[in-house]
$ cat input06.tsv   # TSV, C-alpha atoms
chain	number	residue	atom	x	y	z
A	411	MET	CA	125.59	10.32	15.72
A	412	PRO	CA	122.39	11.89	17.12
A	413	SER	CA	118.94	10.87	15.91
A	414	PRO	CA	117.97	12.55	12.63
A	415	THR	CA	115.80	15.63	12.50
A	416	PRO	CA	113.25	15.95	9.68
A	417	PRO	CA	114.06	18.34	6.84
A	418	ARG	CA	112.29	21.65	6.49
A	419	ALA	CA	109.10	21.20	4.50
A	420	GLY	CA	109.49	22.65	1.03
A	421	LYS	CA	107.01	23.94	-1.52
A	422	GLY	CA	108.68	22.43	-4.57
A	423	GLY	CA	110.71	24.02	-7.33
A	424	HIS	CA	112.84	23.27	-10.37
A	425	ASN	CA	116.08	22.04	-8.79
A	426	PRO	CA	116.71	18.45	-9.97
A	427	GLY	CA	118.76	17.79	-6.82
A	428	ASP	CA	116.27	19.18	-4.25
A	429	VAL	CA	114.40	16.18	-2.85
A	430	ASN	CA	112.28	18.11	-0.31
A	431	GLY	CA	111.74	21.19	-2.51
A	432	ASP	CA	112.98	23.82	-0.02
A	433	GLY	CA	115.36	25.54	-2.45
A	434	PHE	CA	118.55	23.78	-1.32
A	435	ALA	CA	120.28	20.95	-3.17
A	436	ASP	CA	120.56	17.70	-1.22
A	437	LEU	CA	123.17	14.95	-1.13
A	438	VAL	CA	122.05	11.41	-1.99
A	439	PHE	CA	124.49	8.54	-1.60
A	440	GLU	CA	124.80	4.87	-0.67
A	441	ASP	CA	126.37	3.77	2.59
A	442	ARG	CA	127.48	0.19	3.09
A	443	ARG	CA	126.75	-1.66	6.28
A	444	GLY	CA	127.08	-5.22	7.55
A	445	GLY	CA	125.39	-8.22	5.99
A	446	GLY	CA	125.80	-7.04	2.42
A	447	LYS	CA	123.20	-4.31	2.84
A	448	THR	CA	123.51	-0.79	1.47
A	449	ASP	CA	121.56	2.09	2.95
A	450	LEU	CA	120.38	5.00	0.83
A	451	VAL	CA	121.22	8.21	2.70
A	452	ILE	CA	119.90	11.71	1.97
A	453	VAL	CA	121.62	14.61	3.75
A	454	TYR	CA	119.58	17.76	3.23
A	455	GLY	CA	120.92	21.18	2.26
A	456	SER	CA	120.23	24.33	4.27
A	457	ALA	CA	121.32	27.95	4.57
A	458	ASP	CA	124.36	26.55	6.40
A	459	GLY	CA	125.03	23.89	3.78
A	460	LEU	CA	124.79	20.15	4.27
A	461	ASN	CA	123.77	19.16	7.80
A	462	PRO	CA	124.13	15.41	8.55
A	463	ALA	CA	121.73	15.74	11.50
A	464	THR	CA	118.97	16.47	8.96
A	465	ARG	CA	118.86	13.26	7.01
A	466	THR	CA	116.79	10.34	5.78
A	467	VAL	CA	118.16	6.80	5.84
A	468	THR	CA	116.33	4.08	3.94
A	469	THR	CA	117.37	0.70	5.35
A	470	GLY	CA	116.46	-2.91	4.79
A	471	THR	CA	116.81	-2.73	1.04
A	472	VAL	CA	119.73	-3.77	-1.14
A	473	PHE	CA	120.64	-0.76	-3.27
A	474	ASP	CA	123.39	-1.58	-5.75
A	475	ARG	CA	123.90	2.00	-6.81
A	476	ARG	CA	122.18	5.36	-7.02
A	477	THR	CA	121.53	6.50	-10.56
A	478	GLY	CA	120.59	10.10	-9.82
A	479	THR	CA	117.86	12.56	-8.90
A	480	GLY	CA	115.31	14.49	-10.92
A	481	ASP	CA	111.63	15.42	-10.88
A	482	LEU	CA	110.15	12.46	-12.71
A	483	ASP	CA	106.47	13.07	-11.97
A	484	GLY	CA	106.43	16.87	-12.38
A	485	ASP	CA	105.32	17.72	-8.82
A	486	GLY	CA	108.28	20.05	-8.12
A	487	PHE	CA	110.18	17.62	-5.89
A	488	ALA	CA	113.25	15.68	-7.02
A	489	ASP	CA	112.90	11.91	-6.99
A	490	VAL	CA	115.65	9.31	-6.61
A	491	VAL	CA	116.40	6.46	-9.00
A	492	VAL	CA	118.23	3.43	-7.62
A	493	PHE	CA	119.14	-0.05	-8.83
A	494	GLY	CA	118.37	-3.00	-6.60
A	495	GLU	CA	115.82	-4.22	-4.10
A	496	ALA	CA	116.45	-7.96	-3.91
A	497	THR	CA	116.46	-9.62	-7.34
A	498	PRO	CA	116.25	-9.10	-10.20
A	499	ASN	CA	118.51	-6.08	-10.22
A	500	ARG	CA	116.39	-3.37	-11.86
A	501	PRO	CA	115.63	0.37	-11.56
A	502	TYR	CA	113.35	1.67	-8.81
A	503	LEU	CA	111.96	5.09	-7.88
A	504	LEU	CA	111.85	6.74	-4.47
A	505	TRP	CA	109.49	9.72	-4.56
A	506	GLY	CA	110.48	13.10	-3.17
A	507	GLY	CA	108.06	15.36	-1.31
A	508	PRO	CA	107.83	18.19	1.25
A	509	GLN	CA	109.52	15.98	3.87
A	510	GLY	CA	111.92	14.38	1.42
A	511	VAL	CA	111.82	10.65	0.75
A	512	ASN	CA	109.63	8.57	3.05
A	513	PRO	CA	112.04	5.94	4.46
A	514	ALA	CA	109.16	3.56	5.13
A	515	ALA	CA	107.79	3.69	1.58
A	516	ARG	CA	108.38	0.74	-0.70
A	517	PRO	CA	110.35	1.66	-3.84
A	518	THR	CA	108.36	1.81	-7.08
A	519	SER	CA	109.59	-0.43	-9.89
A	520	VAL	CA	110.22	1.42	-13.17
A	521	ARG	CA	108.11	0.02	-15.98
A	522	VAL	CA	110.65	-0.62	-18.71
A	523	PRO	CA	109.28	-1.53	-22.18
A	524	VAL	CA	111.76	-4.34	-22.81
A	525	THR	CA	111.65	-7.98	-21.82
A	526	LEU	CA	114.95	-8.35	-19.99
A	527	ASP	CA	114.86	-10.02	-16.58
A	528	ILE	CA	117.84	-8.17	-15.19
A	529	PHE	CA	119.19	-4.67	-15.80
A	530	LEU	CA	122.94	-4.42	-15.27
A	531	HIS	CA	123.63	-1.68	-17.79
A	532	SER	CA	123.85	2.08	-17.56
A	533	MET	CA	120.96	4.40	-16.79
A	534	VAL	CA	121.06	8.16	-16.34
A	535	LEU	CA	118.55	10.96	-15.72
A	536	GLY	CA	118.14	14.09	-17.79
A	537	ASP	CA	115.54	16.27	-19.48
A	538	PHE	CA	116.13	15.11	-23.03
A	539	ASN	CA	113.15	16.92	-24.58
A	540	GLY	CA	113.49	20.10	-22.51
A	541	ASP	CA	109.95	20.14	-21.08
A	542	GLY	CA	111.12	20.64	-17.47
A	543	ILE	CA	110.31	17.08	-16.36
A	544	ALA	CA	113.02	14.46	-15.89
A	545	ASP	CA	113.44	11.50	-18.23
A	546	LEU	CA	115.43	8.27	-17.98
A	547	VAL	CA	117.67	6.76	-20.62
A	548	MET	CA	119.21	3.32	-20.40
A	549	SER	CA	121.69	1.45	-22.57
A	550	LEU	CA	120.86	-2.16	-23.36
A	551	PRO	CA	122.22	-4.91	-25.62
A	552	GLY	CA	120.74	-4.94	-29.11
A	553	GLN	CA	119.69	-7.82	-31.32
A	554	SER	CA	123.28	-8.87	-32.01
A	555	ARG	CA	126.64	-8.85	-30.25
A	556	SER	CA	127.78	-5.91	-32.35
A	557	SER	CA	124.86	-3.63	-31.48
A	558	SER	CA	123.21	-1.91	-28.55
A	559	GLU	CA	120.17	0.28	-28.05
A	560	LEU	CA	119.14	3.35	-26.11
A	561	VAL	CA	115.76	3.16	-24.40
A	562	VAL	CA	114.48	6.63	-23.45
A	563	LEU	CA	111.64	6.84	-20.92
A	564	TYR	CA	110.03	10.28	-21.03
A	565	GLY	CA	108.31	11.82	-18.01
A	566	PRO	CA	106.09	12.55	-16.34
A	567	PHE	CA	106.00	9.11	-14.72
A	568	THR	CA	102.92	7.80	-12.98
A	569	ARG	CA	103.18	6.77	-9.35
A	570	ASP	CA	103.19	3.14	-10.46
A	571	GLY	CA	106.42	3.73	-12.44
A	572	ALA	CA	105.09	4.09	-16.00
A	573	PRO	CA	106.59	6.77	-18.30
A	574	ARG	CA	104.39	9.00	-20.45
A	575	ARG	CA	106.03	7.58	-23.58
A	576	HIS	CA	109.22	5.86	-24.67
A	577	THR	CA	111.51	5.54	-27.67
A	578	ILE	CA	114.08	2.92	-28.65
A	579	GLN	CA	116.92	3.85	-30.98
A	580	PRO	CA	120.25	2.32	-32.00
A	581	SER	CA	123.18	3.36	-29.85
A	582	PRO	CA	125.75	5.40	-31.80
A	583	ALA	CA	128.50	3.47	-30.04
A	584	GLY	CA	127.28	0.07	-31.18
A	585	GLY	CA	128.71	-3.03	-29.54
A	586	GLU	CA	128.39	-3.84	-25.86
A	587	PRO	CA	126.79	-0.91	-24.00
A	588	GLY	CA	128.90	1.10	-21.58
A	589	ARG	CA	128.50	4.22	-19.44
A	590	LEU	CA	126.16	7.16	-20.03
A	591	VAL	CA	126.84	10.77	-18.98
A	592	ALA	CA	124.20	13.50	-19.26
A	593	GLY	CA	124.46	17.31	-19.30
A	594	ARG	CA	123.52	20.43	-21.28
A	595	MET	CA	125.29	22.07	-24.23
A	596	ASN	CA	124.45	24.90	-26.62
A	597	GLY	CA	122.44	26.98	-24.15
A	598	GLY	CA	119.25	24.96	-24.59
A	599	HIS	CA	116.91	23.56	-22.01
A	600	ALA	CA	117.23	19.96	-23.21
A	601	THR	CA	119.84	17.59	-21.82
A	602	ASP	CA	122.48	16.07	-24.09
A	603	LEU	CA	124.03	12.63	-23.68
A	604	LEU	CA	127.45	11.01	-23.94
A	605	VAL	CA	127.33	7.32	-24.89
A	606	TYR	CA	130.30	5.05	-24.23
A	607	LEU	CA	131.18	1.53	-25.30
A	608	ALA	CA	131.95	-0.99	-22.60
A	609	ASP	CA	135.66	-1.13	-21.83
A	610	ASP	CA	138.11	-3.64	-20.41
A	611	GLY	CA	140.21	-1.06	-18.61
A	612	GLU	CA	141.26	0.87	-21.73
A	613	GLN	CA	140.16	4.43	-22.54
A	614	THR	CA	137.24	4.49	-24.95
A	615	PRO	CA	135.71	7.22	-27.13
A	616	SER	CA	132.24	8.61	-26.54
A	617	TRP	CA	129.48	9.81	-28.86
A	618	LEU	CA	127.58	13.03	-28.17
A	619	LEU	CA	123.83	13.01	-28.81
A	620	LYS	CA	121.94	16.31	-28.65
A	621	GLY	CA	118.63	16.68	-26.86
A	622	GLY	CA	115.75	18.78	-28.24
A	623	PRO	CA	111.96	19.20	-28.30
A	624	ALA	CA	111.55	15.83	-30.01
A	625	GLY	CA	113.96	14.10	-27.62
A	626	LEU	CA	117.38	12.64	-28.30
A	627	SER	CA	118.75	13.09	-31.80
A	628	SER	CA	119.84	10.11	-33.89
A	629	GLN	CA	122.85	12.06	-35.19
A	630	ALA	CA	126.00	11.72	-33.05
A	631	ARG	CA	129.41	13.38	-32.84
A	632	LYS	CA	132.33	11.15	-31.90
A	633	LEU	CA	134.62	12.59	-29.21
A	634	ASN	CA	138.17	11.71	-28.16
A	635	ALA	CA	138.80	8.67	-25.97
A	636	GLY	CA	138.70	9.38	-22.25
A	637	ASN	CA	136.65	7.65	-19.57
A	638	ALA	CA	136.27	10.74	-17.34
A	639	ALA	CA	133.65	13.24	-18.55
A	640	ALA	CA	131.74	16.29	-17.28
A	641	PHE	CA	129.47	18.99	-18.68
A	642	GLY	CA	129.81	22.69	-17.75
A	643	ASP	CA	130.05	26.21	-19.15
A	644	PHE	CA	133.81	26.59	-18.85
A	645	ASP	CA	134.20	29.74	-21.00
A	646	GLY	CA	131.15	31.54	-19.57
A	647	ASP	CA	129.44	32.21	-22.90
A	648	GLY	CA	126.10	30.79	-21.77
A	649	ARG	CA	126.50	27.65	-23.83
A	650	GLY	CA	127.39	24.36	-22.24
A	651	ASP	CA	130.68	22.61	-22.94
A	652	VAL	CA	131.84	19.06	-22.31
A	653	VAL	CA	135.23	17.73	-21.25
A	654	VAL	CA	136.56	14.19	-21.71
A	655	ALA	CA	139.80	13.05	-20.09
A	656	ASP	CA	142.03	10.06	-19.52
A	657	ASP	CA	141.07	8.60	-16.13
A	658	GLY	CA	144.24	6.53	-15.87
A	659	SER	CA	142.79	3.04	-16.26
A	660	ARG	CA	144.56	0.70	-18.65
A	661	ASN	CA	143.87	-2.68	-20.23
A	662	ASP	CA	146.26	-5.15	-18.58
A	663	GLU	CA	146.38	-7.62	-21.47
A	664	PRO	CA	149.83	-7.92	-23.11
A	665	GLY	CA	150.26	-5.38	-25.88
A	666	TYR	CA	147.33	-3.22	-24.73
A	667	GLU	CA	148.72	-1.63	-21.57
A	668	THR	CA	149.35	1.82	-23.05
A	669	GLU	CA	147.31	4.56	-24.72
A	670	PRO	CA	148.32	6.63	-27.80
A	671	PRO	CA	149.82	10.12	-27.27
A	672	GLY	CA	146.53	11.80	-28.21
A	673	VAL	CA	144.83	10.04	-25.29
A	674	ASP	CA	147.49	9.40	-22.64
A	675	ARG	CA	147.08	12.03	-19.84
A	676	VAL	CA	145.10	14.22	-22.27
A	677	MET	CA	142.01	16.31	-21.49
A	678	THR	CA	139.86	17.68	-24.33
A	679	VAL	CA	137.25	20.43	-23.98
A	680	TYR	CA	134.51	20.62	-26.63
A	681	PHE	CA	132.77	24.01	-26.66
A	682	GLY	CA	129.09	24.63	-27.28
A	683	ALA	CA	129.73	27.70	-29.46
A	684	ALA	CA	129.32	26.90	-33.16
A	685	GLY	CA	132.55	26.80	-35.14
A	686	ARG	CA	134.88	26.83	-32.14
A	687	GLY	CA	137.49	24.09	-32.11
A	688	PRO	CA	138.28	21.96	-29.05
A	689	GLN	CA	140.86	22.85	-26.40
A	690	VAL	CA	143.44	20.11	-25.82
A	691	LEU	CA	145.33	19.98	-22.52
A	692	GLY	CA	148.23	17.52	-22.46
A	693	HIS	CA	150.20	15.95	-19.60
A	694	ILE	CA	147.40	16.79	-17.20
A	695	GLY	CA	146.09	13.46	-15.95
A	696	PRO	CA	145.12	11.01	-15.05
A	697	ALA	CA	141.78	12.51	-14.05
A	698	ARG	CA	140.50	9.74	-11.79
A	699	ALA	CA	137.21	11.52	-11.10
A	700	VAL	CA	135.87	14.87	-12.32
A	701	ALA	CA	133.28	17.38	-11.09
A	702	ALA	CA	132.30	20.65	-12.78
A	703	GLY	CA	130.87	23.67	-10.95
A	704	ASP	CA	131.36	27.40	-10.48
A	705	TYR	CA	133.37	27.28	-7.25
A	706	ASP	CA	134.60	30.90	-7.26
A	707	GLY	CA	131.36	32.56	-8.40
A	708	ASP	CA	132.77	34.25	-11.51
A	709	GLY	CA	130.09	32.93	-13.86
A	710	ARG	CA	132.34	30.31	-15.44
A	711	ASP	CA	132.39	26.66	-14.42
A	712	ASP	CA	135.58	25.20	-13.01
A	713	LEU	CA	136.70	21.59	-13.15
A	714	ALA	CA	137.99	19.52	-10.23
A	715	PHE	CA	139.78	16.28	-10.99
A	716	GLY	CA	141.26	13.68	-8.67
A	717	ARG	CA	144.94	12.83	-8.77
A	718	GLY	CA	144.97	10.22	-6.03
A	719	ALA	CA	147.63	10.83	-3.40
A	720	ALA	CA	148.57	14.08	-5.22
A	721	GLY	CA	145.21	15.58	-4.22
A	722	VAL	CA	142.37	17.18	-6.17
A	723	GLU	CA	143.41	19.78	-8.74
A	724	ILE	CA	141.16	22.70	-9.73
A	725	LEU	CA	141.18	24.02	-13.29
A	726	ARG	CA	139.56	27.46	-13.45
A	727	GLY	CA	137.13	28.45	-16.16
A	728	ALA	CA	138.24	31.35	-18.38
A	729	ARG	CA	137.27	32.97	-21.68
A	730	GLU	CA	139.74	30.76	-23.51
A	731	GLY	CA	138.53	27.61	-21.71
A	732	LEU	CA	140.02	25.75	-18.75
A	733	ARG	CA	143.10	27.28	-17.18
A	734	ARG	CA	145.63	25.46	-15.03
A	735	GLY	CA	146.84	27.44	-12.03
A	736	GLY	CA	148.36	24.85	-9.73
A	737	GLU	CA	145.48	24.88	-7.21
A	738	VAL	CA	145.38	21.60	-5.32
A	739	ILE	CA	143.07	20.51	-2.48
A	740	ARG	CA	144.06	17.65	-0.20
A	741	ARG	CA	141.57	15.81	1.98
A	742	SER	CA	142.13	12.28	3.21
A	743	ALA	CA	141.03	9.65	5.67
A	744	PRO	CA	143.18	8.64	8.67
A	745	ALA	CA	146.04	6.31	7.86
A	746	VAL	CA	144.60	3.66	10.17
A	747	GLY	CA	140.90	2.90	10.07
A	748	PRO	CA	138.68	2.10	13.07
A	749	ASP	CA	139.18	-1.63	12.42
A	750	GLY	CA	142.97	-1.28	12.44
A	751	HIS	CA	143.25	-1.60	8.68
A	752	HIS	CA	146.19	0.44	7.30
A	753	LEU	CA	145.69	2.58	4.21
A	754	SER	CA	148.32	3.90	1.83
A	755	ASP	CA	148.34	7.57	0.83
A	756	GLU	CA	146.69	6.58	-2.44
A	757	GLN	CA	143.97	4.54	-0.76
A	758	ARG	CA	143.01	7.20	1.78
A	759	ALA	CA	142.74	10.12	-0.67
A	760	ALA	CA	139.40	11.87	-1.22
A	761	PHE	CA	138.09	12.27	-4.77
A	762	PRO	CA	135.59	14.63	-6.45
A	763	TRP	CA	132.11	13.20	-6.06
A	764	GLY	CA	129.99	16.03	-7.47
A	765	ALA	CA	129.06	19.70	-7.19
A	766	ALA	CA	125.88	21.56	-6.21
A	767	ASP	CA	124.67	24.68	-4.41
A	768	TYR	CA	123.88	23.14	-1.04
A	769	ASP	CA	123.40	26.49	0.75
A	770	ASN	CA	121.61	28.33	-2.12
A	771	ASP	CA	124.08	31.22	-2.12
A	772	GLY	CA	124.41	31.25	-5.90
A	773	GLY	CA	127.74	29.40	-6.04
A	774	ASP	CA	128.53	25.70	-6.20
A	775	GLU	CA	130.27	23.68	-3.53
A	776	LEU	CA	132.66	20.93	-4.57
A	777	LEU	CA	131.85	17.68	-2.82
A	778	LEU	CA	134.82	15.47	-1.98
A	779	ALA	CA	134.37	11.92	-0.75
A	780	PHE	CA	136.37	9.09	0.74
A	781	THR	CA	134.74	5.68	0.55
A	782	SER	CA	136.15	2.59	2.21
A	783	TYR	CA	136.66	0.23	-0.71
A	784	TRP	CA	139.84	-1.03	0.95
A	785	MET	CA	138.41	-1.40	4.46
A	786	PRO	CA	136.36	-4.35	5.73
A	787	SER	CA	134.04	-2.12	7.77
A	788	SER	CA	131.74	0.56	6.44
A	789	ALA	CA	133.05	4.11	6.51
A	790	SER	CA	132.76	7.23	4.39
A	791	LEU	CA	133.97	10.80	4.80
A	792	TRP	CA	132.53	13.88	3.08
A	793	TRP	CA	133.69	17.46	2.57
A	794	ALA	CA	131.77	20.32	0.90
A	795	THR	CA	134.21	23.06	-0.06
A	796	ASP	CA	134.64	26.04	-2.38
A	797	GLY	CA	138.28	25.07	-2.83
A	798	ARG	CA	139.51	27.43	-0.15
A	799	ARG	CA	137.46	26.57	2.94
A	800	ASP	CA	135.20	23.70	3.97
A	801	GLU	CA	131.56	24.62	4.34
A	802	SER	CA	130.78	21.32	6.05
A	803	SER	CA	132.28	17.90	6.68
A	804	PHE	CA	130.97	14.72	8.24
A	805	ALA	CA	131.40	10.97	8.45
A	806	GLY	CA	128.94	8.35	7.26
A	807	GLY	CA	128.59	4.74	8.23
A	808	ALA	CA	127.17	5.34	11.72
A	809	TRP	CA	123.59	6.31	11.01
$ encode --input "input06.tsv" --output "C-alpha cells"
Amino acid sequence: MPSPTPPRAGKGGHNPGDVNGDGFADLVFEDRRGGGKTDLVIVYGSADGLNPATRTVTTGTVFDRRTGTGDLDGDGFADVVVFGEATPNRPYLLWGGPQGVNPAARPTSVRVPVTLDIFLHSMVLGDFNGDGIADLVMSLPGQSRSSSELVVLYGPFTRDGAPRRHTIQPSPAGGEPGRLVAGRMNGGHATDLLVYLADDGEQTPSWLLKGGPAGLSSQARKLNAGNAAAFGDFDGDGRGDVVVADDGSRNDEPGYETEPPGVDRVMTVYFGAAGRGPQVLGHIGPARAVAAGDYDGDGRDDLAFGRGAAGVEILRGAREGLRRGGEVIRRSAPAVGPDGHHLSDEQRAAFPWGAADYDNDGGDELLLAFTSYWMPSSASLWWATDGRRDESSFAGGAW
C-alpha cells in the first residue's frame, strides 16, 4: 500500500466521529500485527468517502480495543479513547486536531476517580448531560459481589486527562458489570445508556438509563434479553428508538443451552414516543452484529444485522417500525487466506461494524468488516455501502 497522505486540515465541528474536523466522519479501528502488537488506524472520510491512502497509523503501542470517538475537550475535533498501552490495562486518550491524531504523540491516561489498578470492564462515550461535549461512563465492580457501579466522567477533559466532574452511582443491573451501549432517545440532546450484566454466553436483559441536563438518571427501565443492541430513529418521528435482539450466543453448561421463546431469535424495538408499545419481531435472528443508519435517505433509520454465512440482512425503517423486506448483502473474504489458511463460509463472512456519513452527502453508509480471528496472520477487509453499491472498499493489515 502506498505511503499515507495527510488528511485535509479541518476547522472543527460537532461530528463526534470527525477526528480532523473537516466535516466528514472518519473510521477508527484496530489492526493486529506481529509480536502481539495492535495498531490504531484512522482512515479519513472525504467527498469520495473513505480513502485508505489518507490515514494515520499509531504503532508501537499495545491497544487492546478502541472504545470510541467524541469531542472530550470541547475544541471541535473528535478524540479517540482506547484501552491499553503496556500495563496496567486502562483507558487512554488520543487527541484529535486539524491534522487528525498525531501518531507520534504519547497517549494521555484518563484520570479515573477510583483506586483500581486495572480496568477490564466496559467504557463507552456519550453526551450524557447534553452540553455538546463528550463524556465517558464506565462500569466497575461495587463493594460486594452482588453489586456494580457506574462511574460517569463529564467533559470537558483537560489535556492531562482530568474530567470537569464525575459521579458514581449504583448500576441498575447489579451484579458483575457487563457491556454498555450508548445512544439517544426521546428527541433530546443528551445520550441515553443501556447497561448489561456480565454473561456466560447466555442472552441477558439490559436496563435503559435516560440522560438529561443533570446527567444520567438513577431510574431505569428493564428491557428484554438480547445481547445485540442499537439506537436509531426507526419510525422517523424525530425521537430515538432502541432495538435489542438475540445475538445467537448460548451458555454451554448442561441445562442452560437454550433461551425461552420470548428471547430465542427475537428482536424487540422500544420506541421513544410516549405511550407507544414495543414492536416484537420473531424468528428473525440470530443478529450476530447490528448497525443502525439511514441507508436509503428516507429520514428513517434502517437496521443491518449479520447472519453469518447467510449474509447481512437490512430491515428498513417505516412508520410502523422496522420492516423486513428480504434485502440481503453478501461480502466475504477469500476462501483461502494469504498464509494458506482455509476459511469456512461462516468464518469468511463480513459483519456490520458501524454506520456513518463518510462522504457528508446527508445519508449514512453501512460499514461491513471482515477480521481475521481465524487466521494466524493479520488481515482485515472493509466495505462502505448503501446496501446497493459499494462506495469504497479496502484491505487493512499492510500499512
$ atom_distance --input "input06.tsv" --atom1 "CA of Gly431 (chain A)" --atom2 "CA of Gly703 (chain A)"
21.1 Å
$ closest_residue --input "input06.tsv" --among "A:Gln613, A:Thr477, A:Thr448, A:Ser581" --to "Glu667 (chain A)" --atoms "all atoms listed in the file"
A:Gln613
$ closest_residue --input "input06.tsv" --among "A:Thr678, A:Asn430, A:Asn461, A:Ser742" --to "Ser802 (chain A)" --atoms "all atoms listed in the file"
A:Asn461
$ residues_around --input "input06.tsv" --residues "Ser803 (chain A)" --least-positions-apart "2" --cutoff "10 Å" --atoms "only C-alpha atoms" --output "tab-separated table (two decimals) with C-alpha atoms, in the frame of the given file"
chain	number	residue	atom	x	y	z
A	459	GLY	CA	125.03	23.89	3.78
A	460	LEU	CA	124.79	20.15	4.27
A	461	ASN	CA	123.77	19.16	7.80
A	462	PRO	CA	124.13	15.41	8.55
A	777	LEU	CA	131.85	17.68	-2.82
A	778	LEU	CA	134.82	15.47	-1.98
A	779	ALA	CA	134.37	11.92	-0.75
A	791	LEU	CA	133.97	10.80	4.80
A	792	TRP	CA	132.53	13.88	3.08
A	793	TRP	CA	133.69	17.46	2.57
A	794	ALA	CA	131.77	20.32	0.90
A	795	THR	CA	134.21	23.06	-0.06
A	800	ASP	CA	135.20	23.70	3.97
A	801	GLU	CA	131.56	24.62	4.34
A	805	ALA	CA	131.40	10.97	8.45
$ closest_residue --input "input06.tsv" --among "A:Asp796, A:Asp706, A:Asp656, A:Asp774" --to "Arg675 (chain A)" --atoms "all atoms listed in the file"
A:Asp656
$ atom_distance --input "input06.tsv" --atom1 "CA of His599 (chain A)" --atom2 "CA of Leu503 (chain A)"
23.8 Å
$ residues_around --input "input06.tsv" --residues "Val700 (chain A)" --least-positions-apart "6" --cutoff "6 Å" --atoms "all atoms listed in the file" --output "list of chain:residue names"
A:Ala714, A:Phe715, A:Pro762
$ residues_around --input "input06.tsv" --residues "region 557-569 of chain A" --least-positions-apart "2" --cutoff "8 Å" --atoms "all atoms listed in the file" --output "number ranges by chain"
A: 482-484, 518, 522, 543-555, 571-581, 583-587
$ closest_residue --input "input06.tsv" --among "A:Pro582, A:Gly692, A:Gly709, A:Gly611" --to "Gly648 (chain A)" --atoms "only C-alpha atoms"
A:Gly709
$ atom_distance --input "input06.tsv" --atom1 "CA of Thr781 (chain A)" --atom2 "CA of Ala719 (chain A)"
14.4 Å
$ residues_around --input "input06.tsv" --residues "Val722 (chain A)" --least-positions-apart "2" --cutoff "12 Å" --atoms "all atoms listed in the file" --output "ChimeraX atom specification"
/A:695-701,713-720,724-725,736-742,759-763,776-779,795,797
$ closest_residue --input "input06.tsv" --among "A:Tyr768, A:Asp609, A:Asp489, A:Ser790" --to "Leu437 (chain A)" --atoms "all atoms listed in the file"
A:Tyr768
$ closest_residue --input "input06.tsv" --among "A:Gly735, A:Leu590, A:Gly646, A:Gly427" --to "Glu723 (chain A)" --atoms "all atoms listed in the file"
A:Gly735
$ axis_aligned_box --input "input06.tsv" --around "region 654-665 of chain A" --padding-each-side "3 Å" --output "lines of an AutoDock Vina configuration file"
center_x = 143.4
center_y = 3.1
center_z = -20.9
size_x = 19.7
size_y = 28.1
size_z = 16.0
$ residues_near_point --input "input06.tsv" --point "(138.8, 27.6, -17.2)" --cutoff "12 Å" --atoms "all atoms listed in the file" --output "MDAnalysis selection string"
chainID A and resid 642:647 651 653 679 681 689 691 702:706 708:714 724:735
